[in-house]
Each structure stands twice: as structure tokens, then as C-alpha cells.
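Report on the structure given below.
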Amino acid sequence: MSERKVILAVQNITKSFGGRKVLDGISVEIYQGEIFVIMGGSGCGKSTLLRHMIGSIKPDSGRVLFDGKDLSKLSEAEEEKMKRRFGMSFQSSALLDYMNVEENVSLPLSEHTSLDPKVISIIVKMKLGLVGLQGFDHLMPSMLSGGMRKRVGLARAIAMDPEVVFYDEPTAGLDPVVCAVVDKLIVDLSKKLLLTSVVVTHNMESVFRIADRVAMLHKGKVLEIGTPEQIKNSKNPIVQQFIKGEIEGPINVIEE
Amino acid sequence: MEKIISYFESVGRTVKNWIIIFVEFSQLVAQTIYWIFWGPSRSKPVKSKSVFEQMVFMGAKSIIIVFFVTFFTGVVLAMQSAYQLEKMGAVMYVASLVSISVCRELGPVLTALVLAGRIGAAITAEIGSMNVNEQLEALDAMAINPIRFLIVPKFLALFFMLPCLTVIGDISGIFGGYLIGVYNLKINSGLFIQTAFKFLTLKDIYTGLTKAFIFAMIISMVGSYQGLKTSGGAVGVGQATTISVVTSFILIILADCIMTGIFYFSNL
């Protein structure tokens, strides 16, 4: 593992909102080509950490390095260039309502490249094929099910052939079968396209199905990092309570 | 003593909030201007298709409502002015009174108020719901600037369509006055038209159109700003839309007062 290249490094970042510390000295390193899962309870700072990784939030202290470059020190043009190396799949899919599936997926291509519309159309069909949605090009997002919307969001995230894809709660609100489909898709895409994937989730089945490595966040801190096996066998009572979903234990939701 | 301190604290907070709003709003205006004039050298220019689509939505689809509002205002204006002018035996001047009032004042202001209600609300609701549904964040994550992609086409479309609608509003207002003048006050049709345009100067037209350009900027910028500041789900979108329309109304009337003052005192 030590020989692998670190593509994204979060170094001791802190972030507060309205006096409440959401991230409290977080450090993680993400290796090229791995599926890295960030798990933790609601409000533990997972999504905030993800937004730091894509550069949409700047930390109060600490830094985020992508390919060795500090995200907060990039010029606007550099930041734009760097963002094209990312893909992001949102919890709500975040498809533009007034555009159909094809227009949504082709958006980054038509905005950032000078490709012929016919070429873009072929690329869009390929990407939709990768997520199993061939023939759905002309449907509007409102006509799609939750799982299909997620997959369209995923097709859009990989439209520009990014190096890293971020997934914010990719299986939230989906039934178990669709969850498994989306999980398989994440693994398949990572392997086929040699992607680095960073997944934020609190779905434990997903975690153990897809992760190469897992980080458990609790109260804005990294509690533990390791392989799914190491996390499963963790001696930490907080990790164990979270994995097993037990009411009794150190995590007291009602008091919190 | 504590009450006095808390009073000053709340005054300070309010002033600070207003300063923040002013700075953010100015930044939005500056960025919009940047993306119109300098943006194309850095990134892809705004798509003409998006601007055209917005022009159809904002312009063509507003013609009927603008026509009705200004037409009936012209009708009312003619009747009300005839009521006074009859006493002085100067009914004939209803024509010029209607044409000048409509072109200088009522045409631009009423058209702008109608558009603030119809388009300003739509801009805020659209951008606001995109904001609460992570769609603006998605654009940002795709390195697509939301101001260039969403706001500039709306700004340009309204900037060009509001003056056009104002001209339509002017014509329909005068037409409303014409119907009353000719069919109710029995003014000769030719004489009405002649009187209406005899006293109407080019200045009356261009001051009205200048106002329309300014009102267009107010409506699109206030609508966009409120949309970008929306938070709190569906309730937040509703509140932002209301604030957007009310703010546009107030700023339109205020800007109208200032511009009328400038045109009046500077003899422009």
C-alpha cells in the first residue's frame, strides 16, 4: 500500500460553522485507484469533509492537497482546471430539472470542450451505457425513479473521464436491490475506468461491499482508518456500536 | 443599562447585515458584468440559444399581460383627465396628456412592475430551488460558473426585452386613451393622433426607455441575488420569491423617482 501514489491528502483540517466545530483536526490520505469510504453518523462532518475535498469549502486551518497542490492556494483558472479532474455524484442527484437526461450528461462536455455535438452524443450514449441506462436519453429527470436519477448523476460525474469521483450518500433512499446495483456500479466503474472513488455513506452494507479502505468519523474527528476487515474487528466501542446499529453504547443520539 | 447595550447590539447587527447584503449584491452585479464583457475571453461565451429561450419566456410571453395592464391604464387615464379638462374646455388635450404620461412614466413603470411580478419571481424561484436542491453546487463541482451559466442569459434577455415591452406598453396605453377620446369624448380620430404626437418629444421616449433598461437590471439582479441566497427548502424558496418581488417593486419606484428627478432638474 505504501508504494501507491497519494492522490488526495487532507492535512489536519478544522472547520466551524456558527461557533460549532464540525471538523476537528482531520487528516486522511487517499491512494490512487482505491475506493475510500468515509462513514459516520448524521452530522459527524462526512459531507463537510467531502466538500473540502472538492474545494467548494475552504478549511479554517489545515490544507487539502490534490496531486500535491493545495486547493486553497489555486488561482481561479487553476481551480477550474482541477475541478475538471473531479466528478461528483450528489445525494439528491442534482440533475438540472429543465434538461433531459442527454443534456444533463452532456453538460460538462458541451461547456468545457469544443467537441462536435455528434461526438458528444456518442460519448453520452457510452456513459449512459456504463450505468445501464441506454435509451433513456430523452427522458426528463422528473420521469425517472430515484435509482435511475442516481445513475444519471453518476453518468454525468464520469462524463469528463475524471481521475477521482466523489459520491455523497449514493445509496440514500434506495431500496436494498437498487442499493446493491449502485454499489456494483461504483466498483465496476472504479475498475473499468481506473478511478479513485471517495464515498460518503452510513449504509453499512455498502461500506463492506465496496470499500478498499474505510475511515470512521465521529464528532468531527477520524476515529479509525483501515480495511473493512480491520474496521469490522475494531476494539473501539463507538465503531462497534455504529457498525451493529445498537441503541446502547457510547453514541448517545438523544443526548447529542 | 443592559437594555441599552442590547439595543445598540441589535442596531449594529442590522447595519452589519445591510452592509453584507450591499457588498454581496455589488459583487453579483460586478461578476455579471465581468462575465458579459470579459468572461468570453476566458471561458466559452454565453450560449445564444439560452439567451433566446429566455427572451421568448420573458418577452414574447409577457406581451398579453403588459398590453392589458397598460391599455386599461390608458383608458382610466383618459377618463380621469377628461373629467378635469372638461371643466376648462380643454378635452382635446387628453390625447397629449395620455401620450406623455404613458411614455415618460406609466409605460416603463407599469411594464417593469408587471415584469417584476412575473419574471423576477420566476428567476428567484428557479435559482432558489436549484440552490436548495444542490443543483448550483453541482454546477460549481463541474467547474461551470452559475453566474455565467444561469444569470447572464437572464440578465441579457431582460435587458433587451423590457424596453421592447415598454414600447408595446406605450403604444397600448395610448391606444386605450385613443378609444376613450374618440368614442366617448368624441374627439376626431385624426385630431387625437395629431395632438397625441404633437407634444410628444423624442426626450419623452428616450427617458422612458432609459428607465426601462435600469428597471430590467434591477429585476434580474434582485431576482438572481435572492435566488442565490435561498436556503431552507420549499419554505425558503417561497420567502425568497416574496422578498424578491417586494424588493424589486420598491427599488423600481425609488429608481424611477431618482431618474425622473435627474431628467427633470438636469433638463436632459
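So you can find residues: chains in the C-alpha cells are A, B, ... in the order shown, residues in each start at 1, and ligands are numbered from 1 in order.
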Contact table chain B vs chain A, cut-off 8 Å, shortest pair per residue, only C-alpha atoms, as JSON lines:
{"residue": "B:Lys44", "atom": "CA", "partner": "A:Glu111", "partner_atom": "CA", "distance": 6.9}
{"residue": "B:Met130", "atom": "CA", "partner": "A:Leu96", "partner_atom": "CA", "distance": 7.7}
{"residue": "B:Asn133", "atom": "CA", "partner": "A:Ala94", "partner_atom": "CA", "distance": 6.2}
{"residue": "B:Glu134", "atom": "CA", "partner": "A:Ala94", "partner_atom": "CA", "distance": 5.4}
{"residue": "B:Gln135", "atom": "CA", "partner": "A:Ala94", "partner_atom": "CA", "distance": 4.7}
{"residue": "B:Ala138", "atom": "CA", "partner": "A:Ala94", "partner_atom": "CA", "distance": 6.2}
{"residue": "B:Asp140", "atom": "CA", "partner": "A:Ser56", "partner_atom": "CA", "distance": 7.8}
{"residue": "B:Ala141", "atom": "CA", "partner": "A:Lys83", "partner_atom": "CA", "distance": 6.5}
{"residue": "B:Met142", "atom": "CA", "partner": "A:Pro108", "partner_atom": "CA", "distance": 6.3}
{"residue": "B:Ala143", "atom": "CA", "partner": "A:Glu80", "partner_atom": "CA", "distance": 5.2}
{"residue": "B:Ile144", "atom": "CA", "partner": "A:Glu111", "partner_atom": "CA", "distance": 7.3}
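Within the 12 Å cut-off around Ile147 in chain B, using only C-alpha atoms and omitting residues fewer than 5 positions from it on the same chain, the listed residues are B:Gln27, B:Leu28, B:Val29, B:Ala30, B:Gln31, B:Thr32, B:Ile33, B:Tyr34, B:Trp35, B:Ile36, B:Gly39, B:Val46, B:Ile127, B:Leu136, B:Leu139, B:Asp140, B:Val152, B:Pro153, B:Lys154, B:Phe155, B:Ser220, B:Met221, B:Ser224, B:Tyr225, B:Gly227, B:Leu228.
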Let me see the file: selected residues, N, CA and C atoms, as a CSV table (one decimal), in the first residue's frame.
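Saved result, part_32.csv, follows:
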chain,number,residue,atom,x,y,z
B,27,GLN,N,-21.1,42.7,-5.6
B,27,GLN,CA,-20.3,41.6,-6.2
B,27,GLN,C,-21.0,40.9,-7.3
B,28,LEU,N,-22.3,40.6,-7.1
B,28,LEU,CA,-23.0,39.8,-8.1
B,28,LEU,C,-23.2,40.7,-9.4
B,29,VAL,N,-23.4,42.0,-9.2
B,29,VAL,CA,-23.5,42.9,-10.4
B,29,VAL,C,-22.2,42.9,-11.1
B,30,ALA,N,-21.1,43.1,-10.3
B,30,ALA,CA,-19.8,43.2,-10.9
B,30,ALA,C,-19.4,41.9,-11.7
B,31,GLN,N,-19.8,40.7,-11.0
B,31,GLN,CA,-19.5,39.4,-11.7
B,31,GLN,C,-20.3,39.2,-13.0
B,32,THR,N,-21.5,39.7,-12.9
B,32,THR,CA,-22.4,39.6,-14.1
B,32,THR,C,-21.8,40.4,-15.2
B,33,ILE,N,-21.4,41.6,-14.9
B,33,ILE,CA,-20.8,42.5,-16.0
B,33,ILE,C,-19.5,41.9,-16.5
B,34,TYR,N,-18.7,41.3,-15.5
B,34,TYR,CA,-17.4,40.6,-15.9
B,34,TYR,C,-17.7,39.5,-16.9
B,35,TRP,N,-18.7,38.7,-16.6
B,35,TRP,CA,-19.0,37.5,-17.5
B,35,TRP,C,-19.5,37.9,-18.8
B,36,ILE,N,-20.2,39.1,-18.9
B,36,ILE,CA,-20.7,39.6,-20.2
B,36,ILE,C,-19.6,40.1,-21.0
B,39,GLY,N,-15.6,37.7,-19.6
B,39,GLY,CA,-15.7,36.3,-19.5
B,39,GLY,C,-15.5,35.5,-20.8
B,46,VAL,N,-21.5,33.0,-23.4
B,46,VAL,CA,-22.9,32.5,-23.1
B,46,VAL,C,-23.6,32.1,-24.3
B,127,ILE,N,-33.8,29.8,-9.5
B,127,ILE,CA,-32.4,29.7,-9.0
B,127,ILE,C,-32.5,29.3,-7.5
B,136,LEU,N,-27.0,24.1,-7.9
B,136,LEU,CA,-25.9,25.1,-8.1
B,136,LEU,C,-24.6,24.6,-7.7
B,139,LEU,N,-23.3,22.5,-10.4
B,139,LEU,CA,-22.7,23.3,-11.5
B,139,LEU,C,-21.2,23.7,-11.1
B,140,ASP,N,-21.1,24.1,-9.9
B,140,ASP,CA,-19.8,24.5,-9.3
B,140,ASP,C,-18.8,23.4,-9.4
B,152,VAL,N,-26.4,35.3,-16.4
B,152,VAL,CA,-26.1,36.2,-17.6
B,152,VAL,C,-27.2,36.1,-18.7
B,153,PRO,N,-27.6,34.9,-19.1
B,153,PRO,CA,-28.6,34.8,-20.1
B,153,PRO,C,-29.9,35.5,-19.7
B,154,LYS,N,-30.3,35.4,-18.4
B,154,LYS,CA,-31.5,36.0,-17.9
B,154,LYS,C,-31.3,37.6,-17.9
B,155,PHE,N,-30.2,38.0,-17.5
B,155,PHE,CA,-29.9,39.4,-17.4
B,155,PHE,C,-30.0,40.0,-18.8
B,220,SER,N,-33.6,41.7,-12.8
B,220,SER,CA,-32.8,40.5,-13.0
B,220,SER,C,-31.8,40.3,-11.8
B,221,MET,N,-31.2,41.4,-11.4
B,221,MET,CA,-30.2,41.3,-10.3
B,221,MET,C,-30.8,40.9,-9.0
B,224,SER,N,-32.0,37.3,-9.1
B,224,SER,CA,-30.9,36.4,-9.0
B,224,SER,C,-30.3,36.3,-7.6
B,225,TYR,N,-30.1,37.5,-7.1
B,225,TYR,CA,-29.5,37.6,-5.7
B,225,TYR,C,-30.3,36.8,-4.7
B,227,GLY,N,-32.4,34.4,-5.3
B,227,GLY,CA,-32.3,33.0,-5.6
B,227,GLY,C,-31.0,32.4,-5.1
B,228,LEU,N,-29.9,33.1,-5.2
B,228,LEU,CA,-28.6,32.6,-4.8
B,228,LEU,C,-28.5,32.5,-3.2
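Those residues that approach range 173-178 of chain B to within 7 Å, counting only C-alpha atoms, are B:Thr70, B:Phe71, B:Phe72, B:Thr73, B:Gly74, B:Val75, B:Leu77, B:Ala78, B:Ala95, B:Val98, B:Ser99, B:Val102, B:Gly169, B:Asp170, B:Gly181, B:Val182, B:Phe192; same-chain residues fewer than 3 positions away are not listed.
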As number ranges by chain, please: all residues of range 15-240 of chain A that backbone DSSP puts in helix (DSSP H, G or I). A: 46-53, 71-73, 76-83, 101-112, 117-130, 141-143, 146-157, 176-192, 204-210, 228-232, 237-240
What lies within 8 Å of Glu34 in chain A using only C-alpha atoms, ignoring chain neighbours under 2 positions off, as a PyMOL selection string?
chain A and resi 30-32+36+190+195-197+212-213
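The nearest approach to Leu185 in chain A among the residues A:Thr171, A:Gln241, A:Ser234, A:Asn100, with only C-alpha atoms taken into account, belongs to A:Thr171.
In this structure, CA of Ile38 in chain A sits 21.9 Å away from CA of Val177 in chain A.
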Of A:Gly68, A:Pro141, A:Gly245, A:Gly40, the one sitting nearest Val10 in chain A when using only C-alpha atoms is A:Gly68
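Each of B:Ser62, B:Gln54, B:Ser248, B:Ser96 was checked against Phe159 in chain B using only C-alpha atoms; the smallest atom-to-atom distance is that of B:Gln54.
Restricting the calculation to only C-alpha atoms, the smallest distance between Gly19 in chain A and any of A:Val165, A:Asp60, A:Leu154, A:Lys69 is found for A:Asp60.
Interatomic distance, CA of Asp204 in chain B against CA of Gly117 in chain B: 25.5 Å.
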Task: Polymer residues at most 10 Å from Ser121 in chain A, only C-alpha atoms, same-chain spacing of 3 or more positions, as a list of chain:residue names - done: A:Glu102, A:Glu103, A:Val105, A:Ser106, A:Leu109, A:Leu115, A:Asp116, A:Pro117, A:Lys118, A:Val124, A:Lys125, A:Met126, A:Lys127, A:Asp137
Residue selection dump (C-alpha atoms) as a PDB file, in the first residue's frame:
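Result file follows (result.pdb):
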ATOM      1  CA  GLU A 102     -28.822  13.514 -22.512  1.00  0.00           C
ATOM      2  CA  GLU A 103     -28.472  17.260 -21.929  1.00  0.00           C
ATOM      3  CA  VAL A 105     -24.887  14.167 -19.029  1.00  0.00           C
ATOM      4  CA  SER A 106     -23.511  16.192 -21.927  1.00  0.00           C
ATOM      5  CA  LEU A 109     -18.676  18.189 -22.242  1.00  0.00           C
ATOM      6  CA  LEU A 115     -16.239  18.596 -29.429  1.00  0.00           C
ATOM      7  CA  ASP A 116     -18.765  18.255 -32.205  1.00  0.00           C
ATOM      8  CA  PRO A 117     -22.304  17.727 -30.872  1.00  0.00           C
ATOM      9  CA  LYS A 118     -22.409  14.358 -32.686  1.00  0.00           C
ATOM     10  CA  VAL A 124     -23.149  10.452 -23.682  1.00  0.00           C
ATOM     11  CA  LYS A 125     -24.563   7.190 -25.042  1.00  0.00           C
ATOM     12  CA  MET A 126     -21.399   5.376 -23.929  1.00  0.00           C
ATOM     13  CA  LYS A 127     -21.575   6.843 -20.424  1.00  0.00           C
ATOM     14  CA  ASP A 137     -31.601   9.909 -23.281  1.00  0.00           C
TER      15      ASP A 137
END
Between B:Ala234, B:Ile193, B:Val246, B:Ile19, smallest distance to Asn131 in chain B by only C-alpha atoms belongs to B:Ala234
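Excluding Glu169 in chain A itself and same-chain residues fewer than 5 positions from it, the residues having an atom within 12 Å of it are Val37, Ile38, Met39, Gly40, Gly41, Ser42, Lys46, Ser47, Leu50, Met88, Ser89, Phe90, Gln91, Ser92, Ser93, Lys150, Leu174, Cys179, Val182, Asp183, Val198, Val199, Val200, Thr201, His202, Asn203, Met204, Ser206 and Val207 of chain A, counting only C-alpha atoms.
The residue that comes closest to Asn236 in chain A, out of A:Pro162, A:Ala155, A:Ile251, A:Arg149 and on the basis of only C-alpha atoms, is A:Ile251.
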